[in-house]
file entry_22.csv (CSV, N, CA, C and O atoms)
chain,number,residue,atom,x,y,z
A,825,MET,N,4.2,3.3,7.5
A,825,MET,CA,3.3,3.7,6.5
A,825,MET,C,2.0,4.1,7.2
A,825,MET,O,1.3,5.0,6.8
A,826,ALA,N,1.7,3.4,8.3
A,826,ALA,CA,0.4,3.7,9.0
A,826,ALA,C,0.5,5.1,9.5
A,826,ALA,O,-0.6,5.8,9.5
A,827,ASN,N,1.6,5.6,10.0
A,827,ASN,CA,1.7,7.0,10.4
A,827,ASN,C,1.4,8.0,9.3
A,827,ASN,O,0.6,8.9,9.6
A,828,ALA,N,1.9,7.7,8.1
A,828,ALA,CA,1.6,8.6,7.0
A,828,ALA,C,0.1,8.6,6.7
A,828,ALA,O,-0.5,9.6,6.4
A,829,LEU,N,-0.5,7.3,6.7
A,829,LEU,CA,-1.9,7.2,6.4
A,829,LEU,C,-2.8,7.8,7.5
A,829,LEU,O,-3.9,8.3,7.2
A,830,ASP,N,-2.3,7.9,8.7
A,830,ASP,CA,-3.0,8.5,9.8
A,830,ASP,C,-2.9,10.0,9.9
A,830,ASP,O,-3.5,10.7,10.7
A,831,GLY,N,-2.1,10.6,8.9
A,831,GLY,CA,-2.1,12.0,8.8
A,831,GLY,C,-0.7,12.6,9.3
A,831,GLY,O,-0.6,13.9,9.3
A,832,MET,N,0.2,11.8,9.8
A,832,MET,CA,1.5,12.4,10.2
A,832,MET,C,2.2,12.9,8.9
A,832,MET,O,2.1,12.4,7.8
A,833,ARG,N,2.9,14.0,9.1
A,833,ARG,CA,3.7,14.5,8.0
A,833,ARG,C,4.6,13.5,7.4
A,833,ARG,O,5.2,12.7,8.2
A,834,ARG,N,4.9,13.5,6.1
A,834,ARG,CA,5.7,12.5,5.5
A,834,ARG,C,7.1,12.5,6.1
A,834,ARG,O,7.8,11.5,6.3
A,835,ALA,N,7.7,13.7,6.3
A,835,ALA,CA,9.0,13.8,6.9
A,835,ALA,C,9.1,13.1,8.2
A,835,ALA,O,10.1,12.4,8.5
A,836,GLU,N,8.1,13.4,9.1
A,836,GLU,CA,8.1,12.7,10.4
A,836,GLU,C,7.9,11.2,10.3
A,836,GLU,O,8.5,10.4,11.0
A,837,ALA,N,7.1,10.8,9.3
A,837,ALA,CA,6.8,9.4,9.2
A,837,ALA,C,8.0,8.6,8.7
A,837,ALA,O,8.3,7.5,9.1
A,838,THR,N,8.8,9.3,7.8
A,838,THR,CA,10.0,8.6,7.3
A,838,THR,C,11.0,8.5,8.4
A,838,THR,O,11.7,7.4,8.5
A,839,ARG,N,11.2,9.5,9.3
A,839,ARG,CA,12.1,9.3,10.4
A,839,ARG,C,11.6,8.2,11.3
A,839,ARG,O,12.5,7.5,11.9
A,840,ALA,N,10.3,8.1,11.6
A,840,ALA,CA,9.8,7.1,12.5
A,840,ALA,C,10.0,5.7,11.9
A,840,ALA,O,10.1,4.7,12.7
A,841,SER,N,10.0,5.6,10.6
A,841,SER,CA,10.0,4.2,10.0
A,841,SER,C,11.3,3.8,9.5
A,841,SER,O,11.5,2.7,9.1
A,842,SER,N,12.3,4.7,9.4
A,842,SER,CA,13.6,4.5,8.9
A,842,SER,C,13.6,4.1,7.4
A,842,SER,O,14.5,3.5,6.9
A,843,LEU,N,12.5,4.5,6.7
A,843,LEU,CA,12.4,4.4,5.2
A,843,LEU,C,12.9,5.7,4.6
A,843,LEU,O,12.8,6.8,5.3
A,844,GLU,N,13.3,5.7,3.4
A,844,GLU,CA,13.6,6.9,2.7
A,844,GLU,C,12.2,7.5,2.2
A,844,GLU,O,11.2,6.8,2.1
A,845,ARG,N,12.2,8.8,2.1
A,845,ARG,CA,11.0,9.5,1.8
A,845,ARG,C,10.3,9.0,0.5
A,845,ARG,O,9.1,8.8,0.4
A,846,HIS,N,11.1,8.7,-0.5
A,846,HIS,CA,10.6,8.3,-1.8
A,846,HIS,C,9.9,6.9,-1.7
A,846,HIS,O,8.9,6.6,-2.2
A,847,ALA,N,10.6,6.0,-0.9
A,847,ALA,CA,10.0,4.7,-0.7
A,847,ALA,C,8.7,4.7,0.1
A,847,ALA,O,7.8,4.0,-0.3
A,848,LEU,N,8.6,5.6,1.0
A,848,LEU,CA,7.4,5.7,1.8
A,848,LEU,C,6.3,6.3,0.9
A,848,LEU,O,5.2,5.8,0.9
A,849,CYS,N,6.6,7.3,0.1
A,849,CYS,CA,5.6,7.9,-0.8
A,849,CYS,C,5.1,6.9,-1.8
A,849,CYS,O,3.9,6.8,-2.1
A,850,ASP,N,6.0,6.0,-2.3
A,850,ASP,CA,5.6,5.0,-3.3
A,850,ASP,C,4.7,4.0,-2.6
A,850,ASP,O,3.7,3.6,-3.2
A,851,ALA,N,5.0,3.6,-1.4
A,851,ALA,CA,4.2,2.6,-0.6
A,851,ALA,C,2.8,3.2,-0.3
A,851,ALA,O,1.8,2.5,-0.5
A,852,VAL,N,2.7,4.5,0.0
A,852,VAL,CA,1.4,5.1,0.3
A,852,VAL,C,0.6,5.2,-1.0
A,852,VAL,O,-0.6,4.9,-1.0
A,853,GLN,N,1.2,5.6,-2.1
A,853,GLN,CA,0.5,5.6,-3.4
A,853,GLN,C,0.0,4.3,-3.8
A,853,GLN,O,-1.1,4.1,-4.3
A,854,ARG,N,0.8,3.2,-3.6
A,854,ARG,CA,0.4,1.9,-4.0
A,854,ARG,C,-0.7,1.4,-3.1
A,854,ARG,O,-1.7,0.8,-3.6
A,855,PHE,N,-0.7,1.7,-1.8
A,855,PHE,CA,-1.7,1.4,-0.9
A,855,PHE,C,-3.0,2.1,-1.3
A,855,PHE,O,-4.1,1.5,-1.3
A,856,ASN,N,-3.0,3.4,-1.6
A,856,ASN,CA,-4.2,4.1,-2.0
A,856,ASN,C,-4.8,3.5,-3.3
A,856,ASN,O,-6.0,3.5,-3.4
A,857,ALA,N,-3.9,3.0,-4.2
A,857,ALA,CA,-4.4,2.5,-5.4
A,857,ALA,C,-4.9,1.0,-5.3
A,857,ALA,O,-5.9,0.7,-5.9
A,858,GLU,N,-4.3,0.2,-4.5
A,858,GLU,CA,-4.6,-1.2,-4.5
A,858,GLU,C,-5.1,-1.7,-3.1
A,858,GLU,O,-5.5,-2.9,-3.1
A,859,GLY,N,-5.1,-0.9,-2.1
A,859,GLY,CA,-5.6,-1.3,-0.8
A,859,GLY,C,-4.7,-2.3,-0.1
A,859,GLY,O,-3.4,-2.3,-0.3
A,860,LEU,N,-5.2,-3.2,0.7
A,860,LEU,CA,-4.4,-4.1,1.5
A,860,LEU,C,-3.5,-5.0,0.7
A,860,LEU,O,-2.5,-5.5,1.1
A,861,ALA,N,-4.0,-5.4,-0.5
A,861,ALA,CA,-3.2,-6.2,-1.4
A,861,ALA,C,-1.8,-5.7,-1.7
A,861,ALA,O,-0.9,-6.4,-2.0
A,862,SER,N,-1.7,-4.4,-1.6
A,862,SER,CA,-0.4,-3.7,-2.0
A,862,SER,C,0.7,-4.0,-0.9
A,862,SER,O,1.9,-3.8,-1.1
A,863,LEU,N,0.2,-4.5,0.3
A,863,LEU,CA,1.2,-4.8,1.4
A,863,LEU,C,1.9,-6.1,1.3
A,863,LEU,O,2.8,-6.4,2.0
A,864,ILE,N,1.4,-7.0,0.4
A,864,ILE,CA,2.0,-8.3,0.2
A,864,ILE,C,3.4,-8.1,-0.5
A,864,ILE,O,3.5,-7.4,-1.4
A,865,ASP,N,4.4,-8.9,0.0
A,865,ASP,CA,5.7,-8.8,-0.6
A,865,ASP,C,5.6,-9.3,-2.1
A,865,ASP,O,4.9,-10.2,-2.4
A,866,ARG,N,6.3,-8.6,-2.9
A,866,ARG,CA,6.4,-8.9,-4.3
A,866,ARG,C,7.8,-9.3,-4.7
A,866,ARG,O,8.7,-8.8,-4.2
A,867,PRO,N,7.9,-10.2,-5.7
A,867,PRO,CA,9.3,-10.5,-6.1
A,867,PRO,C,9.9,-9.3,-6.8
A,867,PRO,O,9.1,-8.5,-7.4
A,868,PRO,N,11.2,-9.2,-6.7
A,868,PRO,CA,11.8,-8.0,-7.3
A,868,PRO,C,11.6,-8.0,-8.8
A,868,PRO,O,11.6,-9.1,-9.5
A,869,GLY,N,11.5,-6.8,-9.4
A,869,GLY,CA,11.3,-6.7,-10.9
A,869,GLY,C,12.5,-7.0,-11.6
A,869,GLY,O,13.6,-7.0,-11.1
A,870,ARG,N,12.4,-7.4,-12.9
A,870,ARG,CA,13.5,-7.6,-13.7
A,870,ARG,C,13.5,-6.6,-14.8
A,870,ARG,O,12.4,-6.2,-15.3
A,871,ARG,N,14.6,-6.2,-15.3
A,871,ARG,CA,14.7,-5.3,-16.4
A,871,ARG,C,14.3,-6.1,-17.7
A,871,ARG,O,14.6,-7.3,-17.8
A,872,PRO,N,13.7,-5.5,-18.7
A,872,PRO,CA,13.3,-6.2,-19.9
A,872,PRO,C,14.6,-6.7,-20.7
A,872,PRO,O,15.6,-6.1,-20.6
A,873,GLU,N,14.4,-7.8,-21.3
A,873,GLU,CA,15.5,-8.3,-22.1
A,873,GLU,C,15.8,-7.4,-23.3
A,873,GLU,O,14.9,-6.8,-23.9
A,874,ARG,N,17.1,-7.2,-23.6
A,874,ARG,CA,17.4,-6.4,-24.8
A,874,ARG,C,17.4,-7.1,-26.1
A,874,ARG,O,17.2,-6.6,-27.1
A,875,LEU,N,17.7,-8.4,-26.0
A,875,LEU,CA,17.7,-9.2,-27.2
A,875,LEU,C,16.5,-10.1,-27.3
A,875,LEU,O,16.0,-10.6,-26.3
A,876,GLY,N,16.0,-10.3,-28.5
A,876,GLY,CA,14.9,-11.1,-28.7
A,876,GLY,C,15.3,-12.6,-28.7
A,876,GLY,O,16.5,-12.9,-28.6
A,877,GLU,N,14.3,-13.5,-28.7
A,877,GLU,CA,14.6,-15.0,-28.6
A,877,GLU,C,15.5,-15.4,-29.8
A,877,GLU,O,16.5,-16.2,-29.5
A,878,GLY,N,15.3,-14.9,-31.0
A,878,GLY,CA,16.2,-15.3,-32.1
A,878,GLY,C,17.6,-14.8,-31.9
A,878,GLY,O,18.5,-15.6,-32.2
A,879,GLU,N,17.8,-13.6,-31.4
A,879,GLU,CA,19.1,-13.1,-31.2
A,879,GLU,C,19.8,-13.9,-30.1
A,879,GLU,O,21.0,-14.1,-30.2
A,880,GLN,N,19.1,-14.2,-29.1
A,880,GLN,CA,19.7,-15.0,-28.0
A,880,GLN,C,20.1,-16.4,-28.5
A,880,GLN,O,21.1,-16.9,-28.1
A,881,ALA,N,19.2,-17.0,-29.3
A,881,ALA,CA,19.5,-18.4,-29.9
A,881,ALA,C,20.8,-18.4,-30.6
A,881,ALA,O,21.6,-19.4,-30.6
A,882,VAL,N,21.2,-17.3,-31.3
A,882,VAL,CA,22.4,-17.2,-32.1
A,882,VAL,C,23.6,-17.2,-31.1
A,882,VAL,O,24.6,-17.8,-31.4
A,883,LEU,N,23.5,-16.7,-30.0
A,883,LEU,CA,24.6,-16.6,-29.0
A,883,LEU,C,24.8,-17.9,-28.2
A,883,LEU,O,25.9,-18.1,-27.7
A,884,VAL,N,23.8,-18.8,-28.2
A,884,VAL,CA,24.0,-20.0,-27.4
A,884,VAL,C,24.7,-21.0,-28.3
A,884,VAL,O,24.3,-21.3,-29.4
A,885,PRO,N,25.8,-21.5,-27.8
A,885,PRO,CA,26.6,-22.5,-28.6
A,885,PRO,C,25.9,-23.8,-28.7
A,885,PRO,O,25.2,-24.3,-27.8
A,886,HIS,N,25.9,-24.4,-29.9
A,886,HIS,CA,25.2,-25.6,-30.2
A,886,HIS,C,26.3,-26.8,-30.0
A,886,HIS,O,27.3,-26.7,-30.5
A,887,THR,N,25.9,-27.7,-29.2
A,887,THR,CA,26.9,-28.8,-29.0
A,887,THR,C,26.5,-30.1,-29.7
A,887,THR,O,25.4,-30.3,-30.1

call {"tool": "encode", "arguments": {"input": "entry_22.csv", "output": "structure tokens"}}
result
Amino acid sequence: MANALDGMRRAEATRASSLERHALCDAVQRFNAEGLASLIDRPPGRRPERLGEGEQAVLVPHT
């Protein structure tokens, strides 16, 4: 990412870093928006639940 931020072309920066182009572009955009805080590892995202709490409660067996 440092190469891209220093002005290296994105295609060259992706080859140098072994990242995919899209991942590098996302990282650069995140860095531009959030600064150094964007470099901290984040837990992976979760997809939103499809069922609400009431619907989930119906599916849980009561013992």

call {"tool": "atom_distance", "arguments": {"input": "entry_22.csv", "atom1": "CA of Ala826 in chain A", "atom2": "atom C of Gly869 in chain A"}}
result
26.2 Å

call {"tool": "select_by_dssp", "arguments": {"input": "entry_22.csv", "residues": "chain A", "states": "alpha helix (DSSP H)", "output": "PyMOL selection string"}}
result
chain A and resi 826-829+834-841+845-858+877-883

call {"tool": "atom_distance", "arguments": {"input": "entry_22.csv", "atom1": "atom C of Val884 in chain A", "atom2": "atom C of Arg871 in chain A"}}
result
21.0 Å

call {"tool": "atom_distance", "arguments": {"input": "entry_22.csv", "atom1": "CA of Val852 in chain A", "atom2": "CA of Asp830 in chain A"}}
result
11.0 Å

call {"tool": "residues_around", "arguments": {"input": "entry_22.csv", "residues": "range 863-865 of chain A", "least_positions_apart": "6", "cutoff": "8 Å", "atoms": "only N, CA, C and O atoms", "output": "list of chain:residue names"}}
result
A:Ala851, A:Arg854, A:Phe855

call {"tool": "residues_around", "arguments": {"input": "entry_22.csv", "residues": "Arg845 in chain A", "least_positions_apart": "6", "cutoff": "7 Å", "atoms": "only N, CA, C and O atoms", "output": "PyMOL selection string"}}
result
chain A and resi 834-835+838+851

call {"tool": "build_atoms", "arguments": {"input": "entry_22.csv", "residues": "range 872-883 of chain A", "atoms": "all heavy atoms", "output": "CSV table (one decimal), in the coordinates of the input"}}
result
chain,number,residue,atom,x,y,z
A,872,PRO,N,13.7,-5.5,-18.7
A,872,PRO,CA,13.3,-6.2,-19.9
A,872,PRO,C,14.6,-6.7,-20.7
A,872,PRO,O,15.6,-6.1,-20.6
A,872,PRO,CB,12.6,-5.1,-20.7
A,872,PRO,CG,12.5,-3.9,-19.9
A,872,PRO,CD,13.3,-4.1,-18.7
A,873,GLU,N,14.4,-7.8,-21.3
A,873,GLU,CA,15.5,-8.3,-22.1
A,873,GLU,C,15.8,-7.4,-23.3
A,873,GLU,O,14.9,-6.8,-23.9
A,873,GLU,CB,15.1,-9.7,-22.7
A,873,GLU,CG,14.7,-10.7,-21.7
A,873,GLU,CD,16.0,-11.4,-21.1
A,873,GLU,OE1,17.1,-11.3,-21.7
A,873,GLU,OE2,15.9,-12.0,-20.0
A,874,ARG,N,17.1,-7.2,-23.6
A,874,ARG,CA,17.4,-6.4,-24.8
A,874,ARG,C,17.4,-7.1,-26.1
A,874,ARG,O,17.2,-6.6,-27.1
A,874,ARG,CB,18.8,-5.8,-24.5
A,874,ARG,CG,18.8,-4.8,-23.4
A,874,ARG,CD,20.2,-4.1,-23.4
A,874,ARG,NE,20.2,-3.1,-22.3
A,874,ARG,CZ,21.1,-2.2,-22.1
A,874,ARG,NH1,22.2,-2.3,-22.9
A,874,ARG,NH2,21.1,-1.3,-21.2
A,875,LEU,N,17.7,-8.4,-26.0
A,875,LEU,CA,17.7,-9.2,-27.2
A,875,LEU,C,16.5,-10.1,-27.3
A,875,LEU,O,16.0,-10.6,-26.3
A,875,LEU,CB,19.0,-10.2,-27.2
A,875,LEU,CG,20.3,-9.5,-27.1
A,875,LEU,CD1,21.4,-10.5,-27.0
A,875,LEU,CD2,20.6,-8.6,-28.3
A,876,GLY,N,16.0,-10.3,-28.5
A,876,GLY,CA,14.9,-11.1,-28.7
A,876,GLY,C,15.3,-12.6,-28.7
A,876,GLY,O,16.5,-12.9,-28.6
A,877,GLU,N,14.3,-13.5,-28.7
A,877,GLU,CA,14.6,-15.0,-28.6
A,877,GLU,C,15.5,-15.4,-29.8
A,877,GLU,O,16.5,-16.2,-29.5
A,877,GLU,CB,13.3,-15.8,-28.7
A,877,GLU,CG,12.5,-15.7,-27.4
A,877,GLU,CD,11.3,-16.5,-27.4
A,877,GLU,OE1,11.3,-17.5,-28.2
A,877,GLU,OE2,10.3,-16.2,-26.7
A,878,GLY,N,15.3,-14.9,-31.0
A,878,GLY,CA,16.2,-15.3,-32.1
A,878,GLY,C,17.6,-14.8,-31.9
A,878,GLY,O,18.5,-15.6,-32.2
A,879,GLU,N,17.8,-13.6,-31.4
A,879,GLU,CA,19.1,-13.1,-31.2
A,879,GLU,C,19.8,-13.9,-30.1
A,879,GLU,O,21.0,-14.1,-30.2
A,879,GLU,CB,19.0,-11.6,-30.9
A,879,GLU,CG,18.5,-10.7,-32.0
A,879,GLU,CD,18.2,-9.3,-31.6
A,879,GLU,OE1,17.5,-9.2,-30.5
A,879,GLU,OE2,18.5,-8.4,-32.3
A,880,GLN,N,19.1,-14.2,-29.1
A,880,GLN,CA,19.7,-15.0,-28.0
A,880,GLN,C,20.1,-16.4,-28.5
A,880,GLN,O,21.1,-16.9,-28.1
A,880,GLN,CB,18.7,-15.1,-26.8
A,880,GLN,CG,18.5,-13.8,-26.1
A,880,GLN,CD,17.5,-13.9,-24.9
A,880,GLN,OE1,17.2,-15.0,-24.5
A,880,GLN,NE2,17.1,-12.8,-24.4
A,881,ALA,N,19.2,-17.0,-29.3
A,881,ALA,CA,19.5,-18.4,-29.9
A,881,ALA,C,20.8,-18.4,-30.6
A,881,ALA,O,21.6,-19.4,-30.6
A,881,ALA,CB,18.4,-18.8,-30.7
A,882,VAL,N,21.2,-17.3,-31.3
A,882,VAL,CA,22.4,-17.2,-32.1
A,882,VAL,C,23.6,-17.2,-31.1
A,882,VAL,O,24.6,-17.8,-31.4
A,882,VAL,CB,22.4,-15.9,-32.9
A,882,VAL,CG1,23.8,-15.7,-33.6
A,882,VAL,CG2,21.3,-16.0,-34.0
A,883,LEU,N,23.5,-16.7,-30.0
A,883,LEU,CA,24.6,-16.6,-29.0
A,883,LEU,C,24.8,-17.9,-28.2
A,883,LEU,O,25.9,-18.1,-27.7
A,883,LEU,CB,24.3,-15.5,-28.0
A,883,LEU,CG,24.2,-14.1,-28.6
A,883,LEU,CD1,23.8,-13.1,-27.5
A,883,LEU,CD2,25.5,-13.7,-29.3
